[in-house]
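Student: Got a file for you: my_file_36.cif, mmCIF, C-alpha atoms and all ligand atoms.
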data_input
loop_
_atom_site.label_atom_id
_atom_site.label_comp_id
_atom_site.auth_asym_id
_atom_site.auth_seq_id
_atom_site.Cartn_x
_atom_site.Cartn_y
_atom_site.Cartn_z
CA MET A 228 -32.06 -32.70 10.67
CA SER A 229 -30.36 -32.57 7.27
CA GLN A 230 -27.04 -34.39 7.01
CA PHE A 231 -23.78 -32.55 7.69
CA ALA A 232 -21.58 -31.95 4.66
CA ILE A 233 -18.88 -34.11 6.24
CA GLU A 234 -21.25 -37.10 5.98
CA GLY A 235 -22.39 -36.33 2.43
CA GLY A 236 -24.97 -33.52 2.87
CA SER A 237 -24.77 -30.22 0.99
CA ARG A 238 -22.60 -27.38 2.34
CA ILE A 239 -24.12 -24.49 4.27
CA VAL A 240 -21.79 -21.95 2.62
CA PRO A 241 -21.59 -22.41 -1.14
CA GLU A 242 -18.18 -22.83 -2.67
CA ASP A 243 -16.57 -19.50 -3.75
CA MET A 244 -18.95 -17.43 -1.59
CA VAL A 245 -16.28 -16.31 0.91
CA GLN A 246 -14.23 -13.47 -0.60
CA ALA A 247 -10.59 -12.83 0.22
CA TRP A 248 -9.21 -9.80 2.06
CA PRO A 249 -8.50 -7.04 1.10
CA PRO A 250 -11.33 -5.96 -1.22
CA LEU A 251 -9.80 -4.44 -4.36
CA ASN A 252 -11.35 -1.95 -6.75
CA GLN A 253 -10.44 0.09 -9.81
CA ALA A 254 -9.17 2.97 -7.65
CA ASP A 255 -6.57 0.60 -6.08
CA ARG A 256 -5.48 -0.58 -9.52
CA ASP A 257 -5.25 2.96 -10.90
CA ALA A 258 -3.31 4.11 -7.83
CA VAL A 259 -0.68 1.39 -8.18
CA LEU A 260 -0.42 1.58 -11.98
CA GLY A 261 -0.15 5.36 -11.77
CA ILE A 262 3.22 4.95 -10.05
CA PHE A 263 4.77 3.69 -13.30
CA ASP A 264 4.12 7.04 -14.94
CA SER A 265 4.80 9.20 -11.88
CA GLY A 266 8.57 9.24 -12.26
CA HIS A 267 8.93 8.22 -8.60
CA LEU A 268 9.46 4.56 -7.78
CA HIS A 269 11.02 4.99 -4.37
CA GLY A 270 12.28 7.33 -1.69
CA THR A 271 11.10 8.62 1.65
CA SER A 272 10.47 12.00 0.04
CA ALA A 273 8.58 10.56 -2.94
CA PRO A 274 5.10 12.09 -3.40
CA LYS A 275 3.04 9.10 -2.19
CA ALA A 276 5.30 8.53 0.82
CA LEU A 277 4.82 12.14 1.91
CA GLU A 278 1.09 12.13 1.18
CA LEU A 279 0.55 8.91 3.12
CA GLN A 280 2.56 10.21 6.08
CA GLU A 281 0.45 13.37 6.21
CA LYS A 282 -2.87 11.55 5.82
CA TRP A 283 -2.00 8.81 8.31
CA ALA A 284 -0.84 11.29 10.97
CA ASP A 285 -4.09 13.16 10.42
CA TYR A 286 -6.19 9.97 10.58
CA VAL A 287 -4.58 8.69 13.79
CA GLY A 288 -4.33 12.13 15.38
CA THR A 289 -0.57 12.47 15.92
CA LYS A 290 1.80 15.22 14.83
CA TYR A 291 4.04 12.88 12.83
CA ALA A 292 3.82 9.66 10.86
CA LEU A 293 6.43 7.71 8.89
CA VAL A 294 5.96 5.09 6.20
CA THR A 295 7.98 1.87 6.67
CA ASN A 296 8.20 -1.48 4.92
CA SER A 297 6.64 -3.68 7.65
CA GLY A 298 5.10 -3.79 11.09
CA THR A 299 8.26 -5.43 12.37
CA ALA A 300 10.32 -2.52 11.01
CA SER A 301 7.93 -0.06 12.69
CA LEU A 302 8.23 -1.86 16.02
CA HIS A 303 12.02 -1.97 15.79
CA MET A 304 12.06 1.75 14.91
CA GLY A 305 9.78 2.33 17.91
CA VAL A 306 12.07 0.53 20.32
CA ALA A 307 15.23 2.14 18.95
CA ALA A 308 13.81 5.66 18.57
CA ALA A 309 12.68 5.52 22.20
CA GLY A 310 16.35 5.20 23.15
CA ILE A 311 16.06 1.59 24.33
CA GLY A 312 19.27 -0.38 23.96
CA PRO A 313 21.47 -3.19 25.26
CA GLY A 314 20.47 -4.38 28.71
CA ASP A 315 17.23 -2.42 28.81
CA GLU A 316 14.02 -4.32 29.41
CA VAL A 317 10.64 -3.89 27.74
CA ILE A 318 7.47 -5.40 29.17
CA THR A 319 5.05 -6.84 26.65
CA SER A 320 2.22 -9.35 26.26
CA ALA A 321 2.71 -13.12 26.22
CA PHE A 322 -0.11 -13.30 23.66
CA THR A 323 1.02 -11.66 20.44
CA TYR A 324 2.70 -12.42 17.16
CA TRP A 325 6.31 -12.96 18.15
CA SER A 326 7.55 -10.10 15.97
CA THR A 327 6.58 -7.78 18.87
CA ALA A 328 9.23 -9.43 21.03
CA ALA A 329 11.68 -9.83 18.14
CA ALA A 330 11.68 -6.05 17.69
CA ILE A 331 12.90 -5.73 21.30
CA LEU A 332 15.63 -8.32 20.72
CA HIS A 333 16.62 -6.57 17.48
CA HIS A 334 17.89 -3.73 19.59
CA ASN A 335 19.69 -5.97 22.06
CA ALA A 336 17.09 -5.32 24.72
CA VAL A 337 15.37 -8.02 26.78
CA PRO A 338 11.63 -8.77 26.46
CA ILE A 339 9.78 -9.43 29.69
CA PHE A 340 6.31 -10.92 29.36
CA VAL A 341 3.06 -10.64 31.26
CA ASP A 342 -0.03 -12.79 31.00
CA ILE A 343 -3.32 -11.54 29.56
CA ASP A 344 -6.70 -10.50 30.83
CA PRO A 345 -8.62 -13.33 29.14
CA LYS A 346 -11.70 -11.18 28.63
CA THR A 347 -9.86 -8.74 26.36
CA TYR A 348 -6.90 -11.00 25.42
CA THR A 349 -4.60 -8.00 25.92
CA MET A 350 -1.89 -7.65 28.60
CA ASP A 351 -3.29 -7.56 32.13
CA PRO A 352 -2.23 -4.22 33.69
CA ALA A 353 -2.50 -5.77 37.16
CA LEU A 354 0.47 -8.02 36.34
CA ILE A 355 2.81 -5.36 34.94
CA GLU A 356 4.14 -3.68 38.05
CA GLU A 357 5.68 -6.82 39.55
CA ARG A 358 7.86 -7.11 36.42
CA VAL A 359 9.22 -3.55 36.58
CA ASN A 360 12.84 -3.24 37.76
CA GLU A 361 15.73 -0.77 37.35
CA HIS A 362 16.34 -1.99 33.77
CA THR A 363 12.77 -1.45 32.57
CA LYS A 364 12.44 1.33 29.99
CA ALA A 365 9.09 0.79 28.32
CA ILE A 366 5.79 -1.06 28.21
CA LEU A 367 4.75 -2.41 24.82
CA PRO A 368 1.02 -3.25 24.87
CA VAL A 369 -0.42 -5.11 21.88
CA HIS A 370 -3.91 -4.31 20.58
CA ILE A 371 -4.58 -7.86 19.53
CA HIS A 372 -7.34 -9.08 17.17
CA GLY A 373 -8.40 -5.42 16.85
CA MET A 374 -9.16 -5.19 20.60
CA VAL A 375 -7.60 -2.26 22.46
CA ALA A 376 -5.41 -2.78 25.55
CA ASP A 377 -6.48 -1.02 28.76
CA ILE A 378 -4.25 1.93 28.05
CA ASP A 379 -5.19 4.22 30.98
CA ALA A 380 -4.19 1.55 33.49
CA ILE A 381 -0.99 0.89 31.53
CA LYS A 382 -0.13 4.61 31.30
CA GLU A 383 -0.66 5.04 35.02
CA ILE A 384 2.03 2.41 35.72
CA ALA A 385 4.27 3.92 33.03
CA ALA A 386 3.97 7.40 34.57
CA LYS A 387 4.68 6.06 38.07
CA HIS A 388 7.92 4.37 36.92
CA ASP A 389 8.95 6.86 34.24
CA LEU A 390 8.48 4.38 31.38
CA LEU A 391 7.55 4.97 27.75
CA VAL A 392 4.54 3.31 26.12
CA ILE A 393 5.03 1.89 22.61
CA GLU A 394 1.86 0.52 21.04
CA ASP A 395 1.84 -2.53 18.83
CA ALA A 396 -1.23 -1.53 16.83
CA CYS A 397 -0.36 -3.85 13.93
CA GLN A 398 -3.82 -5.45 14.20
CA ALA A 399 -5.81 -2.38 15.20
CA HIS A 400 -6.06 0.34 12.54
CA GLY A 401 -8.94 2.62 13.43
CA ALA A 402 -9.82 0.96 16.76
CA THR A 403 -10.37 3.48 19.55
CA TYR A 404 -9.95 3.77 23.32
CA LYS A 405 -12.37 6.28 24.83
CA GLY A 406 -12.64 7.84 21.39
CA VAL A 407 -8.88 8.13 20.76
CA LYS A 408 -7.38 6.06 17.94
CA THR A 409 -4.72 3.43 18.50
CA GLY A 410 -1.32 4.81 17.55
CA ALA A 411 -2.11 8.05 19.40
CA LEU A 412 -2.58 6.39 22.81
CA GLY A 413 1.06 5.97 23.82
CA ASP A 414 4.38 7.68 23.02
CA ILE A 415 4.86 5.77 19.76
CA GLY A 416 2.42 3.74 17.64
CA CYS A 417 3.42 0.95 15.26
CA PHE A 418 1.29 -0.54 12.48
CA SER A 419 1.63 -3.34 9.96
CA CYS A 420 0.04 -3.09 6.52
CA ASN A 421 0.66 -6.64 5.43
CA ARG A 422 -1.93 -8.43 3.33
CA SER A 423 -4.26 -9.47 6.14
CA LYS A 424 -4.39 -6.20 8.05
CA ASN A 425 -7.40 -3.85 8.30
CA LEU A 426 -5.33 -1.32 6.34
CA SER A 427 -3.60 -3.46 3.76
CA GLY A 428 -0.80 -2.63 1.35
CA GLY A 429 0.10 -6.26 0.63
CA GLU A 430 3.14 -5.43 2.78
CA GLY A 431 4.20 -2.23 4.50
CA GLY A 432 4.08 -0.44 7.82
CA LEU A 433 3.29 2.88 9.49
CA TRP A 434 4.71 4.64 12.53
CA ASN A 435 3.29 7.46 14.67
CA THR A 436 4.39 9.87 17.37
CA ASP A 437 3.92 13.40 18.70
CA ASN A 438 7.57 13.55 19.75
CA GLU A 439 9.92 15.54 17.49
CA GLU A 440 13.06 13.89 18.84
CA PHE A 441 11.66 10.37 18.37
CA VAL A 442 10.56 11.01 14.79
CA ALA A 443 13.95 12.47 13.82
CA ARG A 444 15.68 9.42 15.29
CA ALA A 445 13.24 6.99 13.66
CA ALA A 446 13.69 8.61 10.24
CA LYS A 447 17.47 8.05 10.49
CA LEU A 448 17.00 4.45 11.63
CA ARG A 449 14.73 3.87 8.64
CA GLU A 450 17.49 4.76 6.18
CA PHE A 451 20.93 3.50 7.15
CA GLY A 452 21.40 5.95 10.05
CA GLU A 453 21.67 8.83 7.57
CA VAL A 454 19.70 12.03 7.23
CA VAL A 455 18.24 11.74 3.72
CA ALA A 456 16.76 15.17 3.01
CA ALA A 457 14.08 15.83 0.39
CA THR A 458 16.26 18.39 -1.40
CA GLY A 459 19.93 19.25 -1.57
CA PRO A 460 23.00 17.04 -1.82
CA ARG A 461 23.15 13.87 0.27
CA GLU A 462 25.67 14.07 3.10
CA TYR A 463 26.52 10.32 2.99
CA ASN A 464 27.24 10.32 6.67
CA ALA A 465 25.75 7.77 9.06
CA TYR A 466 24.97 9.34 12.42
CA GLY A 467 24.59 5.87 13.94
CA LEU A 468 23.48 2.39 13.06
CA GLY A 469 20.49 2.22 10.75
CA TRP A 470 18.51 -0.25 8.65
CA MET A 471 16.67 -0.21 5.34
CA TYR A 472 13.01 0.06 6.25
CA ARG A 473 11.89 2.16 3.25
CA PRO A 474 8.73 1.09 1.38
CA HIS A 475 8.18 1.14 -2.37
CA GLU A 476 5.93 3.82 -3.89
CA PHE A 477 3.61 1.05 -5.17
CA ILE A 478 2.89 0.19 -1.54
CA ASN A 479 2.42 3.81 -0.47
CA ALA A 480 -0.04 4.38 -3.31
CA PHE A 481 -1.92 1.15 -2.56
CA ILE A 482 -2.23 1.97 1.17
CA LEU A 483 -3.39 5.51 0.37
CA SER A 484 -6.13 4.11 -1.83
CA GLN A 485 -7.18 1.55 0.81
CA LEU A 486 -7.13 4.26 3.50
CA GLU A 487 -10.05 5.96 1.71
CA ARG A 488 -12.16 2.91 2.64
CA LEU A 489 -10.71 2.01 6.05
CA ASP A 490 -13.57 3.54 8.06
CA TYR A 491 -16.20 2.00 5.79
CA ASN A 492 -14.53 -1.43 5.95
CA ASN A 493 -14.20 -1.18 9.74
CA SER A 494 -17.87 -0.22 10.03
CA LYS A 495 -18.84 -3.37 8.10
CA ARG A 496 -16.61 -5.49 10.36
CA ARG A 497 -18.34 -3.91 13.39
CA ASP A 498 -21.81 -4.61 11.96
CA PHE A 499 -20.92 -8.24 11.29
CA ALA A 500 -19.36 -8.62 14.74
CA ALA A 501 -22.40 -7.11 16.49
CA TYR A 502 -24.74 -9.48 14.64
CA LEU A 503 -22.62 -12.60 15.28
CA THR A 504 -22.13 -11.78 18.97
CA LYS A 505 -25.85 -11.22 19.49
CA GLU A 506 -26.75 -14.51 17.77
CA LEU A 507 -24.01 -16.59 19.42
CA ALA A 508 -25.26 -15.45 22.85
CA ASP A 509 -28.32 -17.68 22.24
CA ILE A 510 -26.43 -20.68 20.90
CA PRO A 511 -25.13 -23.04 23.61
CA GLY A 512 -21.49 -24.08 23.17
CA PHE A 513 -20.23 -20.76 21.81
CA GLU A 514 -19.71 -17.14 22.75
CA GLY A 515 -18.61 -14.06 20.83
CA PRO A 516 -16.06 -11.51 22.09
CA TYR A 517 -16.55 -9.28 25.11
CA THR A 518 -16.21 -5.54 24.48
CA PRO A 519 -15.16 -3.34 27.40
CA ASP A 520 -16.88 0.06 27.74
CA TYR A 521 -13.67 1.89 26.90
CA ALA A 522 -13.11 0.24 23.51
CA ASP A 523 -14.45 0.39 20.00
CA PRO A 524 -12.50 -2.53 18.49
CA CYS A 525 -11.95 -2.89 14.74
CA TYR A 526 -12.33 -6.71 14.69
CA PHE A 527 -9.17 -7.61 12.80
CA SER A 528 -10.24 -11.11 13.84
CA TYR A 529 -13.62 -12.19 15.11
CA VAL A 530 -12.89 -14.34 18.17
CA VAL A 531 -15.14 -17.22 19.24
CA THR A 532 -15.01 -18.92 22.67
CA PHE A 533 -15.77 -22.65 22.78
CA LYS A 534 -17.90 -23.72 25.77
CA PRO A 535 -18.60 -27.50 25.80
CA GLU A 536 -19.91 -27.30 29.38
CA GLU A 537 -22.97 -25.42 28.10
CA LEU A 538 -23.88 -28.54 26.12
CA GLY A 539 -23.16 -31.02 28.88
CA LEU A 540 -20.28 -32.47 26.86
CA ASP A 541 -17.49 -34.21 28.70
CA LEU A 542 -14.84 -32.52 26.56
CA THR A 543 -12.25 -29.81 27.06
CA PRO A 544 -12.88 -26.53 25.17
CA GLU A 545 -9.99 -27.46 22.88
CA GLN A 546 -11.49 -30.86 22.05
CA TRP A 547 -14.86 -29.24 21.36
CA LYS A 548 -13.17 -26.59 19.22
CA LYS A 549 -11.32 -29.19 17.13
CA ALA A 550 -14.49 -31.20 16.52
CA VAL A 551 -16.42 -28.08 15.46
CA GLN A 552 -13.54 -26.87 13.26
CA LYS A 553 -13.54 -30.15 11.35
CA VAL A 554 -17.30 -30.37 10.86
CA LEU A 555 -17.76 -26.68 9.97
CA ALA A 556 -14.78 -26.71 7.57
CA ALA A 557 -16.72 -29.20 5.45
CA GLU A 558 -19.69 -26.79 5.58
CA GLY A 559 -17.47 -24.02 4.13
CA ILE A 560 -17.10 -22.23 7.47
CA ALA A 561 -13.44 -21.67 8.30
CA ILE A 562 -12.43 -21.47 11.94
CA GLY A 563 -8.76 -20.60 12.19
CA GLN A 564 -6.24 -21.02 14.97
CA TRP A 565 -3.98 -18.03 15.68
CA GLN A 566 -0.92 -18.94 17.78
CA THR A 567 -0.28 -22.29 19.42
CA ARG A 568 1.59 -21.21 22.58
CA PRO A 569 2.57 -18.09 24.54
CA VAL A 570 5.41 -16.23 22.81
CA PRO A 571 7.89 -16.83 25.69
CA SER A 572 7.26 -20.59 25.30
CA GLN A 573 8.66 -20.56 21.75
CA ASP A 574 12.08 -22.14 21.22
CA VAL A 575 13.80 -18.82 20.64
CA PHE A 576 13.11 -17.98 24.31
CA MET A 577 13.29 -21.49 25.74
CA ASP A 578 16.76 -21.95 24.21
CA ARG A 579 17.64 -18.24 24.27
CA VAL A 580 19.19 -18.40 20.83
CA GLY A 581 19.02 -14.66 20.06
CA TYR A 582 22.11 -13.53 18.20
CA GLY A 583 24.00 -16.57 19.46
CA LYS A 584 26.57 -16.69 22.26
CA GLY A 585 23.77 -15.94 24.72
CA CYS A 586 23.14 -12.37 23.50
CA PRO A 587 21.34 -10.31 24.57
CA TRP A 588 20.73 -12.20 27.83
CA THR A 589 24.29 -13.05 28.92
CA CYS A 590 26.15 -10.40 26.92
CA PRO A 591 27.55 -7.48 28.90
CA HIS A 592 24.57 -5.37 30.13
CA GLY A 593 22.08 -8.23 29.61
CA ARG A 594 20.09 -9.94 32.34
CA ASN A 595 19.96 -13.69 32.35
CA VAL A 596 16.19 -14.14 32.29
CA ASP A 597 15.22 -17.81 32.38
CA TYR A 598 11.95 -18.08 30.44
CA THR A 599 11.64 -21.81 31.22
CA GLU A 600 10.75 -20.88 34.79
CA GLU A 601 7.77 -18.81 33.73
CA THR A 602 4.24 -19.85 32.84
CA TYR A 603 1.39 -17.93 31.25
CA PRO A 604 -1.66 -20.01 32.16
CA LEU A 605 -4.27 -17.52 30.99
CA THR A 606 -2.65 -17.14 27.57
CA GLU A 607 -2.43 -20.94 27.29
CA GLU A 608 -6.05 -21.36 28.29
CA PHE A 609 -7.14 -18.63 25.89
CA ILE A 610 -5.26 -20.21 22.97
CA ALA A 611 -6.82 -23.61 23.76
CA SER A 612 -10.41 -22.39 24.14
CA HIS A 613 -10.62 -19.77 21.37
CA ALA A 614 -10.36 -19.52 17.61
CA TYR A 615 -11.26 -16.97 14.99
CA LEU A 616 -13.96 -17.09 12.38
CA GLY A 617 -12.71 -16.43 8.82
CA GLY A 618 -14.28 -14.04 6.36
CA VAL A 619 -15.80 -11.56 8.84
CA TYR A 620 -15.02 -8.56 6.67
CA PRO A 621 -16.29 -6.91 3.49
CA PRO A 622 -16.83 -7.52 0.61
CA ASN A 623 -18.47 -10.47 2.41
CA THR A 624 -22.06 -9.82 3.29
CA MET A 625 -24.54 -10.15 6.14
CA GLU A 626 -25.98 -13.08 4.18
CA LEU A 627 -22.72 -14.95 4.79
CA MET A 628 -22.86 -14.09 8.52
CA GLU A 629 -26.39 -15.54 8.62
CA LEU A 630 -25.12 -18.77 7.06
CA TYR A 631 -22.32 -18.87 9.64
CA ILE A 632 -24.94 -18.65 12.38
CA ASP A 633 -26.92 -21.46 10.72
CA GLY A 634 -23.73 -23.52 10.95
CA PHE A 635 -23.13 -22.77 14.64
CA ARG A 636 -26.77 -23.50 15.44
CA LYS A 637 -26.65 -26.82 13.60
CA VAL A 638 -23.51 -28.02 15.42
CA SER A 639 -24.90 -26.83 18.76
CA GLU A 640 -28.19 -28.68 18.27
CA ASN A 641 -26.37 -31.84 17.22
CA ALA A 642 -23.31 -31.64 19.44
CA GLU A 643 -23.00 -35.37 20.23
CA LYS A 644 -23.16 -36.20 16.54
CA VAL A 645 -20.53 -33.52 15.73
CA VAL A 646 -18.14 -35.13 18.19
CA GLU A 647 -18.82 -38.55 16.68
CA LEU A 648 -18.39 -37.31 13.09
CA ALA A 649 -15.15 -35.49 13.91
CA GLY A 650 -13.77 -38.73 15.30
C1 LIG B 1 0.57 -8.13 16.60
C2 LIG B 1 1.54 -8.07 15.45
N1 LIG B 1 2.73 -7.47 15.64
C3 LIG B 1 3.63 -7.37 14.64
C4 LIG B 1 3.37 -7.89 13.39
C5 LIG B 1 4.42 -7.79 12.32
O1 LIG B 1 3.98 -7.13 11.18
P1 LIG B 1 4.67 -7.40 9.76
O2 LIG B 1 4.28 -8.79 9.34
O3 LIG B 1 4.13 -6.35 8.86
O4 LIG B 1 6.15 -7.28 9.97
C6 LIG B 1 2.14 -8.50 13.15
C7 LIG B 1 1.78 -9.00 11.80
O5 LIG B 1 1.89 -10.09 11.40
C8 LIG B 1 1.20 -8.62 14.21
O6 LIG B 1 0.04 -9.23 14.02
#
As structure tokens, please, write out the structure in this file.
Ligand SMILES: Cc1ncc(COP(=O)(O)O)c(C=O)c1O

Tutor:
Amino acid sequence: MSQFAIEGGSRIVPEDMVQAWPPLNQADRDAVLGIFDSGHLHGTSAPKALELQEKWADYVGTKYALVTNSGTASLHMGVAAAGIGPGDEVITSAFTYWSTAAAILHHNAVPIFVDIDPKTYTMDPALIEERVNEHTKAILPVHIHGMVADIDAIKEIAAKHDLLVIEDACQAHGATYKGVKTGALGDIGCFSCNRSKNLSGGEGGLWNTDNEEFVARAAKLREFGEVVAATGPREYNAYGLGWMYRPHEFINAFILSQLERLDYNNSKRRDFAAYLTKELADIPGFEGPYTPDYADPCYFSYVVTFKPEELGLDLTPEQWKKAVQKVLAAEGIAIGQWQTRPVPSQDVFMDRVGYGKGCPWTCPHGRNVDYTEETYPLTEEFIASHAYLGGVYPPNTMELMELYIDGFRKVSENAEKVVELAG
């Protein structure tokens, strides 16, 4: 066996081979630079804002879409436009980026968490119903890592208890459930377009619905609570509380340009994922992601499971993962950790800091949920035993994926040495 790079051997993946996301081309540059000469730098009725809304609604398959300035803004608009407010409860996943839950708190409502189905890492529908009570107004599933939540099972519970479904599709642009795109699966769909996302604008967000009342409410929330019409004099009258969730035209133009290549980019991610999963199935110590029949994920992140028991190692999956991370990092293969604990285990919930003075939990209307009494063992186990493989997207190539597999094979065949080298 040749030496590992960590002990002085040459790297498997040459330096500078892994390209950053998102891939940029001349069309992106022209689109953004064109804004300078367009005469429109901002506004929800600016040409690129309107064009993006139309194209995104069409792409997702909803009647309406709105541009926003982040995924967090979209989620907050989703919660507020659905009529959720102080004292209401929203059930969401314990495994997400915490902005999902923050958006619920932003409207003085109380997040209630459920554990995940570890196979799909999305909320387990079997655990939802026991958390429904008279305060519950909505379920907020998260399509995490580009995987789609089991939406039929979730919608069945929602219908039974008269709840709305708000999708956090921030990591799932173009993923489908039984052929229907995320964002069109529930009552409201929320997307992030920050730098890392499958549809990137550097920053930005998108928002979808079929509901005329929700979209009218969301549009007011996006701009100060006012109705800002495309033409005619501005009324300067706030119909209620609102925020400033308007994106810049640079961002709208950039996202529009990237949208042209979303399906192509997703198809490359799917090709890479299919190859990696097939190869990892024959490499002891590792496993690629499971894909349920209902889903065509878009692989925002390519998730790897660490299985030391397959190698006869007396290590926990987390210890095996850390050893592999260290040795493969030196080979130029980045294995990243996403999240370190379930969202309800973060200090903001443990200490219930919220707005201060106990709000929203002990404010009038609130319910004094004690998150310290709850555990999410499957989320914890998932976080400990999984990580994501960097660079599984274009413009990276199949050649890079093959080198990744060389790396996994080498650490699998020399597992004892890997543990020793990692210290
Ligand atoms: C699942 C999830 N929800 C919400 C967000 C928030 O999106 P943004 O960073 O655009 O506010 C993100 C992105 O980081 C996310 O991954």

Student: Under the rule of at most 9 Å, produce a per-residue listing of chain A near ligand LIG 1 (chain B): chain, number, name, the closest pair of atoms, and the distance in Å, as a tab-separated table, using all atoms listed in the file.

Tutor:
residue	atom	partner	partner_atom	distance
A:Asn296	CA	B:LIG1	O3	7.5
A:Ser297	CA	B:LIG1	O3	3.9
A:Gly298	CA	B:LIG1	O1	3.5
A:Thr299	CA	B:LIG1	O4	3.7
A:Ala300	CA	B:LIG1	O4	6.4
A:Ser301	CA	B:LIG1	O4	7.9
A:Leu302	CA	B:LIG1	C3	7.3
A:Phe322	CA	B:LIG1	C1	8.8
A:Thr323	CA	B:LIG1	C1	5.2
A:Tyr324	CA	B:LIG1	C2	4.8
A:Trp325	CA	B:LIG1	N1	7.0
A:Ser326	CA	B:LIG1	C3	5.0
A:Thr327	CA	B:LIG1	N1	5.0
A:Ala328	CA	B:LIG1	N1	8.7
A:Ala330	CA	B:LIG1	C3	8.7
A:Val369	CA	B:LIG1	C1	6.2
A:His370	CA	B:LIG1	C1	7.1
A:Ile371	CA	B:LIG1	C1	5.9
A:His372	CA	B:LIG1	C1	8.0
A:Asp395	CA	B:LIG1	N1	5.9
A:Ala396	CA	B:LIG1	C1	6.8
A:Cys397	CA	B:LIG1	C2	4.9
A:Gln398	CA	B:LIG1	O6	5.4
A:Ala399	CA	B:LIG1	C1	8.7
A:Cys417	CA	B:LIG1	C3	8.3
A:Phe418	CA	B:LIG1	O1	7.2
A:Ser419	CA	B:LIG1	O3	4.1
A:Cys420	CA	B:LIG1	O3	5.7
A:Asn421	CA	B:LIG1	O3	4.9
A:Arg422	CA	B:LIG1	O3	8.5
A:Ser423	CA	B:LIG1	O5	8.1
A:Lys424	CA	B:LIG1	C7	7.7
A:Glu430	CA	B:LIG1	O3	6.2
A:Gly431	CA	B:LIG1	O3	6.0
A:Gly432	CA	B:LIG1	O3	6.0

Student: Just how far from atom CA of A:Pro345 is atom CA of A:Pro249, in Å to one decimal?

Tutor: 28.7 Å

Student: What does the distance between atom CA of A:Lys405 and atom CA of A:Tyr521 come to in Å, to one decimal place?

Tutor: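 The value is 5.0 Å.
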
Student: Select, from A:Pro338, A:Gly236, A:Pro250, A:Pro352, the residue with the minimum atom-to-atom distance to A:Gly618, counting only C-alpha atoms.

Tutor: A:Pro250

Student: Between atom CA of A:Phe340 and atom CA of A:Ala411, what distance in Å does the model show, to one decimal?

Tutor: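 Calculated distance between atom CA of A:Phe340 and atom CA of A:Ala411 is 23.0 Å.
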
Student: Choose the residue, out of A:Thr295, A:Thr458, A:Thr606, A:Asn435, that has the smallest atom-to-atom separation from A:Asp351; count only C-alpha atoms.

Tutor: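 Ranked by minimum distance to A:Asp351, first place goes to A:Thr606.
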
Student: Name all residues at most 9 Å from A:Phe609 (count all atoms listed in the file; drop same-chain ones fewer than 3 positions away) and give them as a PyMOL selection string.

Tutor: chain A and resi 343+345+348+532+604-606+612-614

Student: Go through A:Gln573, A:Gln230, A:Asn335, A:Gln280 and flag the residue nearest A:Leu483, using all atoms listed in the file for the distances.

Tutor: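 So, comparing all the options, the nearest one is A:Gln280.
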
Student: Pick out the closest residue to A:Asp257 from this set: A:Phe481, A:Gly585, A:Met577, A:Ile610. Count only C-alpha atoms.

Tutor: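 Among the listed residues, A:Phe481 lies closest to A:Asp257.
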
Student: So which residues touch A:Pro368 within 8 Å, counting only C-alpha atoms, skipping near sequence neighbours fewer than 3 positions away, as a count of residues only?

Tutor: 9

Student: Residues near stretch 540-543 of chain A, anyone? I mean within 9 Å using all atoms listed in the file, not counting same-chain ones fewer than 5 positions away, as a short mmCIF file (atom, residue, chain, number, x, y, z; two decimals) with C-alpha atoms, in the coordinates of the input.

Tutor:
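Result file follows (selection-v9.cif):
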data_model
loop_
_atom_site.label_atom_id
_atom_site.label_comp_id
_atom_site.auth_asym_id
_atom_site.auth_seq_id
_atom_site.Cartn_x
_atom_site.Cartn_y
_atom_site.Cartn_z
CA LYS A 534 -17.90 -23.72 25.77
CA PRO A 535 -18.60 -27.50 25.80
CA LYS A 548 -13.17 -26.59 19.22
CA ALA A 611 -6.82 -23.61 23.76
CA SER A 612 -10.41 -22.39 24.14
CA ALA A 642 -23.31 -31.64 19.44
CA GLU A 643 -23.00 -35.37 20.23
#

Student: I'd like the neighbourhood of A:Val531 as a PDB file with C-alpha atoms, in the frame of the given file, where a residue qualifies if any of its atoms comes within 10 Å (using only C-alpha atoms), though same-chain residues fewer than 4 positions away should be ignored.

Tutor:
ATOM      1  CA  LEU A 503     -22.620 -12.600  15.280  1.00  0.00           C
ATOM      2  CA  THR A 504     -22.130 -11.780  18.970  1.00  0.00           C
ATOM      3  CA  LEU A 507     -24.010 -16.590  19.420  1.00  0.00           C
ATOM      4  CA  PHE A 513     -20.230 -20.760  21.810  1.00  0.00           C
ATOM      5  CA  GLU A 514     -19.710 -17.140  22.750  1.00  0.00           C
ATOM      6  CA  GLY A 515     -18.610 -14.060  20.830  1.00  0.00           C
ATOM      7  CA  PRO A 516     -16.060 -11.510  22.090  1.00  0.00           C
ATOM      8  CA  TYR A 517     -16.550  -9.280  25.110  1.00  0.00           C
ATOM      9  CA  LYS A 548     -13.170 -26.590  19.220  1.00  0.00           C
ATOM     10  CA  ILE A 562     -12.430 -21.470  11.940  1.00  0.00           C
ATOM     11  CA  SER A 612     -10.410 -22.390  24.140  1.00  0.00           C
ATOM     12  CA  HIS A 613     -10.620 -19.770  21.370  1.00  0.00           C
ATOM     13  CA  ALA A 614     -10.360 -19.520  17.610  1.00  0.00           C
ATOM     14  CA  TYR A 615     -11.260 -16.970  14.990  1.00  0.00           C
ATOM     15  CA  LEU A 616     -13.960 -17.090  12.380  1.00  0.00           C
TER      16      LEU A 616
END
